[in-house]
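Enquirer: So here's structure_37.pdb (PDB, C-alpha atoms).
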```pdb
ATOM      1  CA  MET A  25      66.230  99.474 138.614
ATOM      2  CA  HIS A  26      66.296 103.198 137.846
ATOM      3  CA  ARG A  27      64.841 105.268 140.692
ATOM      4  CA  ASP A  28      62.222 106.825 138.430
ATOM      5  CA  MET A  29      61.165 103.354 137.286
ATOM      6  CA  VAL A  30      60.756 102.232 140.894
ATOM      7  CA  GLU A  31      58.446 105.199 141.466
ATOM      8  CA  LEU A  32      56.546 104.543 138.249
ATOM      9  CA  THR A  33      55.841 100.921 139.140
ATOM     10  CA  GLY A  34      54.117 102.245 142.270
ATOM     11  CA  VAL A  35      51.629 104.322 140.264
ATOM     12  CA  LEU A  36      51.334 102.446 136.953
ATOM     13  CA  THR A  37      49.722  98.995 137.129
ATOM     14  CA  ALA A  38      50.204  96.548 134.273
ATOM     15  CA  VAL A  39      47.142  94.522 133.306
ATOM     16  CA  GLY A  40      47.693  90.975 132.093
ATOM     17  CA  ASP A  41      50.659  90.181 129.869
ATOM     18  CA  SER A  42      53.383  92.833 129.775
ATOM     19  CA  GLY A  43      57.013  93.443 128.901
ATOM     20  CA  ASN A  44      59.052  92.941 125.732
ATOM     21  CA  ARG A  45      62.363  91.181 125.220
ATOM     22  CA  VAL A  46      64.645  93.357 123.113
ATOM     23  CA  ASP A  47      68.132  92.730 121.752
ATOM     24  CA  TRP A  48      69.508  96.161 122.579
ATOM     25  CA  ASP A  49      72.807  95.481 120.796
ATOM     26  CA  ALA A  50      70.884  94.806 117.595
ATOM     27  CA  VAL A  51      68.783  97.916 118.198
ATOM     28  CA  ALA A  52      71.897 100.065 118.673
ATOM     29  CA  ALA A  53      73.398  98.674 115.473
ATOM     30  CA  SER A  54      70.193  99.351 113.530
ATOM     31  CA  TYR A  55      69.559 102.860 114.855
ATOM     32  CA  GLY A  56      73.184 103.903 115.170
ATOM     33  CA  LEU A  57      72.705 104.955 118.783
ATOM     34  CA  ASP A  58      72.062 103.585 122.237
ATOM     35  CA  PHE A  59      68.750 104.103 124.022
ATOM     36  CA  PRO A  60      68.237 105.633 127.488
ATOM     37  CA  SER A  61      68.483 103.139 130.362
ATOM     38  CA  ASP A  62      65.159 104.191 131.919
ATOM     39  CA  TYR A  63      63.406 103.484 128.612
ATOM     40  CA  LYS A  64      65.078 100.064 128.357
ATOM     41  CA  GLU A  65      63.784  99.230 131.831
ATOM     42  CA  PHE A  66      60.311 100.465 130.899
ATOM     43  CA  VAL A  67      60.267  98.231 127.811
ATOM     44  CA  SER A  68      61.452  95.229 129.830
ATOM     45  CA  PHE A  69      58.876  95.766 132.577
ATOM     46  CA  TYR A  70      55.884  97.173 130.660
ATOM     47  CA  GLY A  71      56.707  96.945 126.949
ATOM     48  CA  GLU A  72      54.746  98.200 123.972
ATOM     49  CA  GLY A  73      51.311  99.433 124.934
ATOM     50  CA  GLU A  74      49.079 102.173 126.250
ATOM     51  CA  ILE A  75      48.859 104.084 129.504
ATOM     52  CA  GLY A  76      45.487 105.328 130.507
ATOM     53  CA  PRO A  77      44.003 105.066 127.923
ATOM     54  CA  GLY A  78      45.685 108.161 126.538
ATOM     55  CA  ILE A  79      49.447 107.675 126.017
ATOM     56  CA  THR A  80      50.963 104.997 123.800
ATOM     57  CA  VAL A  81      54.564 103.840 124.140
ATOM     58  CA  GLN A  82      56.412 102.389 121.149
ATOM     59  CA  ILE A  83      59.326  99.968 121.011
ATOM     60  CA  PRO A  84      62.186  99.835 118.469
ATOM     61  CA  GLY A  85      61.286  98.823 114.941
ATOM     62  CA  VAL A  86      63.649  95.842 114.949
ATOM     63  CA  SER A  87      62.014  94.244 118.020
ATOM     64  CA  PRO A  88      60.351  90.845 117.366
ATOM     65  CA  GLY A  89      56.626  90.573 117.967
ATOM     66  CA  ARG A  90      56.065  94.306 117.546
ATOM     67  CA  LEU A  91      52.399  95.177 116.913
ATOM     68  CA  TRP A  92      52.478  98.968 116.564
ATOM     69  CA  PRO A  93      54.669 101.451 114.666
ATOM     70  CA  GLY A  94      58.230 101.346 115.980
ATOM     71  CA  VAL A  95      60.399 104.096 117.393
ATOM     72  CA  ASP A  96      61.371 106.306 114.448
ATOM     73  CA  ARG A  97      62.390 109.757 113.283
ATOM     74  CA  LEU A  98      59.721 112.263 112.315
ATOM     75  CA  PRO A  99      58.557 111.852 108.705
ATOM     76  CA  GLU A 100      60.741 113.709 106.216
ATOM     77  CA  MET A 101      57.825 115.858 105.051
ATOM     78  CA  THR A 102      57.196 116.970 108.648
ATOM     79  CA  ARG A 103      60.862 117.844 109.106
ATOM     80  CA  ARG A 104      61.021 119.788 105.844
ATOM     81  CA  SER A 105      57.947 121.848 106.704
ATOM     82  CA  PHE A 106      58.989 122.469 110.321
ATOM     83  CA  SER A 107      58.940 126.139 111.320
ATOM     84  CA  ALA A 108      60.816 127.832 114.160
ATOM     85  CA  LYS A 109      57.437 129.249 115.175
ATOM     86  CA  GLU A 110      56.430 125.759 116.281
ATOM     87  CA  TRP A 111      58.737 125.943 119.309
ATOM     88  CA  LYS A 112      56.935 126.978 122.468
ATOM     89  CA  ASP A 113      60.151 128.633 123.662
ATOM     90  CA  PRO A 114      61.869 130.574 120.823
ATOM     91  CA  GLU A 115      65.257 129.822 122.391
ATOM     92  CA  SER A 116      64.739 126.152 121.518
ATOM     93  CA  ALA A 117      65.080 127.012 117.830
ATOM     94  CA  ARG A 118      68.704 127.953 118.491
ATOM     95  CA  LEU A 119      69.489 124.953 120.694
ATOM     96  CA  TYR A 120      67.808 122.030 118.918
ATOM     97  CA  SER A 121      67.078 120.587 115.505
ATOM     98  CA  VAL A 122      63.929 118.729 114.521
ATOM     99  CA  ASP A 123      66.188 116.293 112.651
ATOM    100  CA  ASP A 124      67.313 114.985 116.071
ATOM    101  CA  PHE A 125      63.786 114.043 117.172
ATOM    102  CA  LEU A 126      63.222 110.329 117.821
ATOM    103  CA  VAL A 127      59.581 109.416 118.464
ATOM    104  CA  TRP A 128      58.936 107.012 121.351
ATOM    105  CA  GLY A 129      55.255 107.663 121.982
ATOM    106  CA  ALA A 130      52.030 109.412 121.147
ATOM    107  CA  ALA A 131      48.997 110.724 122.979
ATOM    108  CA  ASP A 132      45.343 111.435 122.319
ATOM    109  CA  ASP A 133      44.452 114.229 119.898
ATOM    110  CA  GLY A 134      47.557 113.743 117.766
ATOM    111  CA  ASP A 135      50.248 114.646 120.315
ATOM    112  CA  VAL A 136      53.769 113.252 119.851
ATOM    113  CA  LEU A 137      56.484 112.409 122.400
ATOM    114  CA  CYS A 138      60.164 112.301 121.385
ATOM    115  CA  TRP A 139      63.714 112.404 122.573
ATOM    116  CA  ILE A 140      66.010 115.083 121.198
ATOM    117  CA  THR A 141      68.985 112.848 120.434
ATOM    118  CA  ARG A 142      71.644 115.522 120.775
ATOM    119  CA  GLY A 143      74.953 114.134 122.044
ATOM    120  CA  ASP A 144      76.304 110.655 122.726
ATOM    121  CA  ASP A 145      74.834 110.260 126.227
ATOM    122  CA  PRO A 146      71.155 109.202 126.011
ATOM    123  CA  ALA A 147      70.724 109.911 129.732
ATOM    124  CA  VAL A 148      70.820 113.648 129.015
ATOM    125  CA  TRP A 149      68.530 113.712 125.967
ATOM    126  CA  PRO A 150      65.694 116.193 126.557
ATOM    127  CA  VAL A 151      62.127 115.099 125.885
ATOM    128  CA  ALA A 152      60.134 117.040 123.294
ATOM    129  CA  VAL A 153      56.327 116.976 123.319
ATOM    130  CA  PHE A 154      54.148 118.228 120.493
ATOM    131  CA  SER A 155      50.761 119.474 121.660
ATOM    132  CA  ARG A 156      48.387 119.610 118.720
ATOM    133  CA  SER A 157      46.000 121.868 120.620
ATOM    134  CA  GLU A 158      48.828 124.383 121.071
ATOM    135  CA  ALA A 159      50.411 123.576 117.690
ATOM    136  CA  SER A 160      53.836 123.760 119.314
ATOM    137  CA  TRP A 161      56.753 121.719 120.666
ATOM    138  CA  ASP A 162      57.690 121.989 124.322
ATOM    139  CA  VAL A 163      61.069 120.812 125.623
ATOM    140  CA  LEU A 164      61.077 118.951 128.956
ATOM    141  CA  PRO A 165      63.968 117.740 131.141
ATOM    142  CA  PRO A 166      65.636 114.419 130.257
ATOM    143  CA  GLY A 167      63.908 111.160 131.106
ATOM    144  CA  MET A 168      61.067 109.360 129.355
ATOM    145  CA  VAL A 169      59.973 107.772 132.633
ATOM    146  CA  LYS A 170      60.324 111.084 134.473
ATOM    147  CA  THR A 171      58.041 112.644 131.858
ATOM    148  CA  LEU A 172      55.373 110.003 132.468
ATOM    149  CA  LEU A 173      55.680 110.464 136.235
ATOM    150  CA  GLY A 174      55.420 114.221 135.815
ATOM    151  CA  ILE A 175      52.165 113.830 133.902
ATOM    152  CA  LEU A 176      50.599 111.394 136.371
ATOM    153  CA  ARG A 177      51.643 113.558 139.336
ATOM    154  CA  ALA A 178      51.153 116.967 137.675
ATOM    155  CA  ASP A 179      54.691 117.924 138.672
ATOM    156  CA  ALA A 180      55.131 120.693 136.109
ATOM    157  CA  GLY A 181      53.327 124.012 136.015
ATOM    158  CA  GLU A 182      51.058 122.930 133.172
ATOM    159  CA  CYS A 183      50.155 119.800 131.255
ATOM    160  CA  PRO A 184      52.278 119.376 128.108
ATOM    161  CA  LEU A 185      49.548 117.315 126.408
ATOM    162  CA  SER A 186      46.399 118.435 124.610
ATOM    163  CA  ASN A 187      44.226 116.030 126.607
ATOM    164  CA  GLU A 188      44.534 116.404 130.385
ATOM    165  CA  ARG A 189      42.813 113.103 131.223
ATOM    166  CA  LEU A 190      45.964 111.673 132.836
ATOM    167  CA  TRP A 191      47.275 114.970 134.210
ATOM    168  CA  GLY A 192      47.528 114.579 137.975
ATOM    169  CA  ALA A 193      45.687 111.242 137.877
ATOM    170  CA  GLY A 194      48.048 109.867 140.508
ATOM    171  CA  HIS A 195      47.615 106.313 139.237
ATOM    172  CA  ALA A 196      47.032 104.716 135.853
ATOM    173  CA  THR A 197      46.824 101.349 134.116
ATOM    174  CA  PHE A 198      49.147  99.990 131.451
ATOM    175  CA  LEU A 199      47.661  97.728 128.785
ATOM    176  CA  HIS A 200      50.181  95.893 126.622
ATOM    177  CA  ALA A 201      49.507  95.807 122.880
ATOM    178  CA  ARG A 202      49.421  91.978 122.998
ATOM    179  CA  GLU A 203      46.780  91.974 125.749
ATOM    180  CA  SER A 204      44.781  94.634 123.936
ATOM    181  CA  ARG A 205      44.817  92.575 120.735
ATOM    182  CA  ARG A 206      43.940  89.369 122.608
ATOM    183  CA  ARG A 207      40.913  91.000 124.218
ATOM    184  CA  GLN A 208      39.718  92.546 120.965
ATOM    185  CA  ASP A 209      40.072  89.212 119.152
ATOM    186  CA  ALA A 210      37.935  87.686 121.917
ATOM    187  CA  GLY A 211      35.234  90.324 121.360
ATOM    188  CA  LEU A 212      36.058  92.218 124.545
ATOM    189  CA  ASP A 213      36.615  95.871 125.226
ATOM    190  CA  PRO A 214      40.402  96.070 125.744
ATOM    191  CA  TRP A 215      40.140  98.333 128.788
ATOM    192  CA  THR A 216      37.125  96.964 130.639
ATOM    193  CA  GLY A 217      37.420  93.319 129.597
ATOM    194  CA  GLN A 218      33.656  93.301 129.049
ATOM    195  CA  PRO A 219      31.936  91.988 125.896
ATOM    196  CA  ASP A 220      31.997  94.551 123.092
ATOM    197  CA  PRO A 221      30.305  93.783 119.744
ATOM    198  CA  TYR A 222      32.474  96.462 118.078
ATOM    199  CA  ALA A 223      35.814  95.224 119.472
ATOM    200  CA  GLY A 224      38.582  95.355 116.863
ATOM    201  CA  GLU A 225      36.447  97.009 114.163
ATOM    202  CA  PHE A 226      38.329 100.316 114.246
ATOM    203  CA  ASP A 227      41.962  99.080 114.356
TER     204      ASP A 227
END
```
I need this file expressed as structure tokens, please.
Expert:
Amino acid sequence: MHRDMVELTGVLTAVGDSGNRVDWDAVAASYGLDFPSDYKEFVSFYGEGEIGPGITVQIPGVSPGRLWPGVDRLPEMTRRSFSAKEWKDPESARLYSVDDFLVWGAADDGDVLCWITRGDDPAVWPVAVFSRSEASWDVLPPGMVKTLLGILRADAGECPLSNERLWGAGHATFLHARESRRRQDAGLDPWTGQPDPYAGEFD
């Protein structure tokens, strides 16, 4: 297991059912690229679901049993309207293209988490985070799992997300989309497991 994944399993506890089986050869054929190994391990161990609550993690669109939107490029309209002013660091406008963004997650308040799929080695893809409160994209070092660890441990100088609920939390819970749906169908709050008369009404 990737070292970052070993560290993450020590601070991120899965509740109930977790993990997704994915045919990564089929995914590579569909997307035309391979996915980072740390992300593959995350999907195998945790799967499609939510950290927190606050950060959702998506799985490839060709994966069976998928409940949420799959990993995908930014919408064409978003790419067409993208402005260089949206980069937090102006130098990023010279180094990267929004067309290379591949969305793997989202966060509260409309934030987006992506890889910048530049180059053939997914291990070196930077992570890009859009903070809606800042209305800008920030580029972080490679590693989806490292990004999650950095948020939970407040490793960076500042939180890249609009909502700082998980920033420096030290520990968090992972709730798989299947478990969340099961609890809502049973009339339970997906996070507390307690009866909730409004469960599932706002999906």
Enquirer: Around the point (73.8, 115.0, 118.6) in the file's coordinates, collect all residues with an atom within 10 Å, using only C-alpha atoms, and return them as a PyMOL selection string.
Expert: chain A and resi 120-121+123-124+140-146+149
Enquirer: Translate the PyMOL selection byres ((chain A and resi 208-211) around 7) into a concrete residue list for this structure, as number ranges by chain.
Expert: A: 204-207, 212-214, 219-221, 223-224
Enquirer: Do you have the atom CA of A:Ile75-atom CA of A:Phe198 distance handy?
Expert: 4.5 Å
Enquirer: Near stretch 99-113 of chain A, within 6 Å and counting all atoms listed in the file, which residues show up once chain neighbours fewer than 4 positions away are dropped, as an NGL selection string?
Expert: :A and (117 or 160-162)
Enquirer: Could you tell me how far atom CA of A:Val95 lies from atom CA of A:Gly181, in Å and to one decimal?
Expert: 28.2 Å
Enquirer: Please rebuild stretch 178-209 of chain A with N, CA and C atoms and return the result as an mmCIF file, in the frame of the given file.
Expert:
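Below is the file rebuild.cif, written as the result:
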```cif
data_model
loop_
_atom_site.group_PDB
_atom_site.id
_atom_site.type_symbol
_atom_site.label_atom_id
_atom_site.label_comp_id
_atom_site.auth_asym_id
_atom_site.auth_seq_id
_atom_site.Cartn_x
_atom_site.Cartn_y
_atom_site.Cartn_z
ATOM 1 N N ALA A 178 51.301 115.532 137.935
ATOM 2 C CA ALA A 178 51.153 116.967 137.675
ATOM 3 C C ALA A 178 52.293 117.760 138.303
ATOM 4 N N ASP A 179 53.522 117.286 138.068
ATOM 5 C CA ASP A 179 54.691 117.924 138.672
ATOM 6 C C ASP A 179 55.009 119.289 138.083
ATOM 7 N N ALA A 180 54.780 119.438 136.775
ATOM 8 C CA ALA A 180 55.131 120.693 136.109
ATOM 9 C C ALA A 180 54.031 121.732 136.313
ATOM 10 N N GLY A 181 54.295 122.932 135.844
ATOM 11 C CA GLY A 181 53.327 124.012 136.015
ATOM 12 C C GLY A 181 52.074 123.819 135.188
ATOM 13 N N GLU A 182 52.216 123.154 134.033
ATOM 14 C CA GLU A 182 51.058 122.930 133.172
ATOM 15 C C GLU A 182 51.232 121.622 132.414
ATOM 16 N N CYS A 183 50.122 121.058 131.973
ATOM 17 C CA CYS A 183 50.155 119.800 131.255
ATOM 18 C C CYS A 183 50.726 120.008 129.854
ATOM 19 N N PRO A 184 51.713 119.209 129.446
ATOM 20 C CA PRO A 184 52.278 119.376 128.108
ATOM 21 C C PRO A 184 51.420 118.770 127.005
ATOM 22 N N LEU A 185 50.380 118.012 127.379
ATOM 23 C CA LEU A 185 49.548 117.315 126.408
ATOM 24 C C LEU A 185 48.253 118.070 126.131
ATOM 25 N N SER A 186 47.673 117.806 124.968
ATOM 26 C CA SER A 186 46.399 118.435 124.610
ATOM 27 C C SER A 186 45.275 117.947 125.510
ATOM 28 N N ASN A 187 45.267 116.641 125.773
ATOM 29 C CA ASN A 187 44.226 116.030 126.607
ATOM 30 C C ASN A 187 44.764 115.881 128.027
ATOM 31 N N GLU A 188 44.062 116.424 129.005
ATOM 32 C CA GLU A 188 44.534 116.404 130.385
ATOM 33 C C GLU A 188 43.943 115.259 131.205
ATOM 34 N N ARG A 189 43.446 114.225 130.529
ATOM 35 C CA ARG A 189 42.813 113.103 131.223
ATOM 36 C C ARG A 189 43.742 112.468 132.258
ATOM 37 N N LEU A 190 45.018 112.328 131.933
ATOM 38 C CA LEU A 190 45.964 111.673 132.836
ATOM 39 C C LEU A 190 46.738 112.666 133.704
ATOM 40 N N TRP A 191 46.553 113.936 133.470
ATOM 41 C CA TRP A 191 47.275 114.970 134.210
ATOM 42 C C TRP A 191 46.862 114.942 135.686
ATOM 43 N N GLY A 192 47.813 114.618 136.549
ATOM 44 C CA GLY A 192 47.528 114.579 137.975
ATOM 45 C C GLY A 192 46.654 113.414 138.394
ATOM 46 N N ALA A 193 46.550 112.382 137.547
ATOM 47 C CA ALA A 193 45.687 111.242 137.877
ATOM 48 C C ALA A 193 46.191 110.479 139.096
ATOM 49 N N GLY A 194 47.488 110.548 139.349
ATOM 50 C CA GLY A 194 48.048 109.867 140.508
ATOM 51 C C GLY A 194 48.326 108.394 140.284
ATOM 52 N N HIS A 195 47.461 107.735 139.533
ATOM 53 C CA HIS A 195 47.615 106.313 139.237
ATOM 54 C C HIS A 195 46.989 106.034 137.875
ATOM 55 N N ALA A 196 47.577 105.084 137.157
ATOM 56 C CA ALA A 196 47.032 104.716 135.853
ATOM 57 C C ALA A 196 47.286 103.241 135.599
ATOM 58 N N THR A 197 46.687 102.739 134.519
ATOM 59 C CA THR A 197 46.824 101.349 134.116
ATOM 60 C C THR A 197 47.585 101.264 132.809
ATOM 61 N N PHE A 198 48.434 100.240 132.697
ATOM 62 C CA PHE A 198 49.147 99.990 131.451
ATOM 63 C C PHE A 198 48.586 98.740 130.809
ATOM 64 N N LEU A 199 48.205 98.848 129.535
ATOM 65 C CA LEU A 199 47.661 97.728 128.785
ATOM 66 C C LEU A 199 48.604 97.433 127.624
ATOM 67 N N HIS A 200 49.240 96.274 127.672
ATOM 68 C CA HIS A 200 50.181 95.893 126.622
ATOM 69 C C HIS A 200 49.436 95.681 125.311
ATOM 70 N N ALA A 201 50.123 95.971 124.198
ATOM 71 C CA ALA A 201 49.507 95.807 122.880
ATOM 72 C C ALA A 201 49.052 94.361 122.650
ATOM 73 N N ARG A 202 49.820 93.385 123.160
ATOM 74 C CA ARG A 202 49.421 91.978 122.998
ATOM 75 C C ARG A 202 48.109 91.692 123.720
ATOM 76 N N GLU A 203 47.994 92.200 124.957
ATOM 77 C CA GLU A 203 46.780 91.974 125.749
ATOM 78 C C GLU A 203 45.595 92.692 125.121
ATOM 79 N N SER A 204 45.843 93.893 124.609
ATOM 80 C CA SER A 204 44.781 94.634 123.936
ATOM 81 C C SER A 204 44.272 93.864 122.727
ATOM 82 N N ARG A 205 45.206 93.344 121.915
ATOM 83 C CA ARG A 205 44.817 92.575 120.735
ATOM 84 C C ARG A 205 44.090 91.283 121.125
ATOM 85 N N ARG A 206 44.580 90.608 122.166
ATOM 86 C CA ARG A 206 43.940 89.369 122.608
ATOM 87 C C ARG A 206 42.494 89.623 123.008
ATOM 88 N N ARG A 207 42.268 90.699 123.761
ATOM 89 C CA ARG A 207 40.913 91.000 124.218
ATOM 90 C C ARG A 207 40.008 91.371 123.050
ATOM 91 N N GLN A 208 40.537 92.168 122.117
ATOM 92 C CA GLN A 208 39.718 92.546 120.965
ATOM 93 C C GLN A 208 39.366 91.339 120.115
ATOM 94 N N ASP A 209 40.340 90.426 119.926
ATOM 95 C CA ASP A 209 40.072 89.212 119.152
ATOM 96 C C ASP A 209 39.021 88.337 119.834
#
```
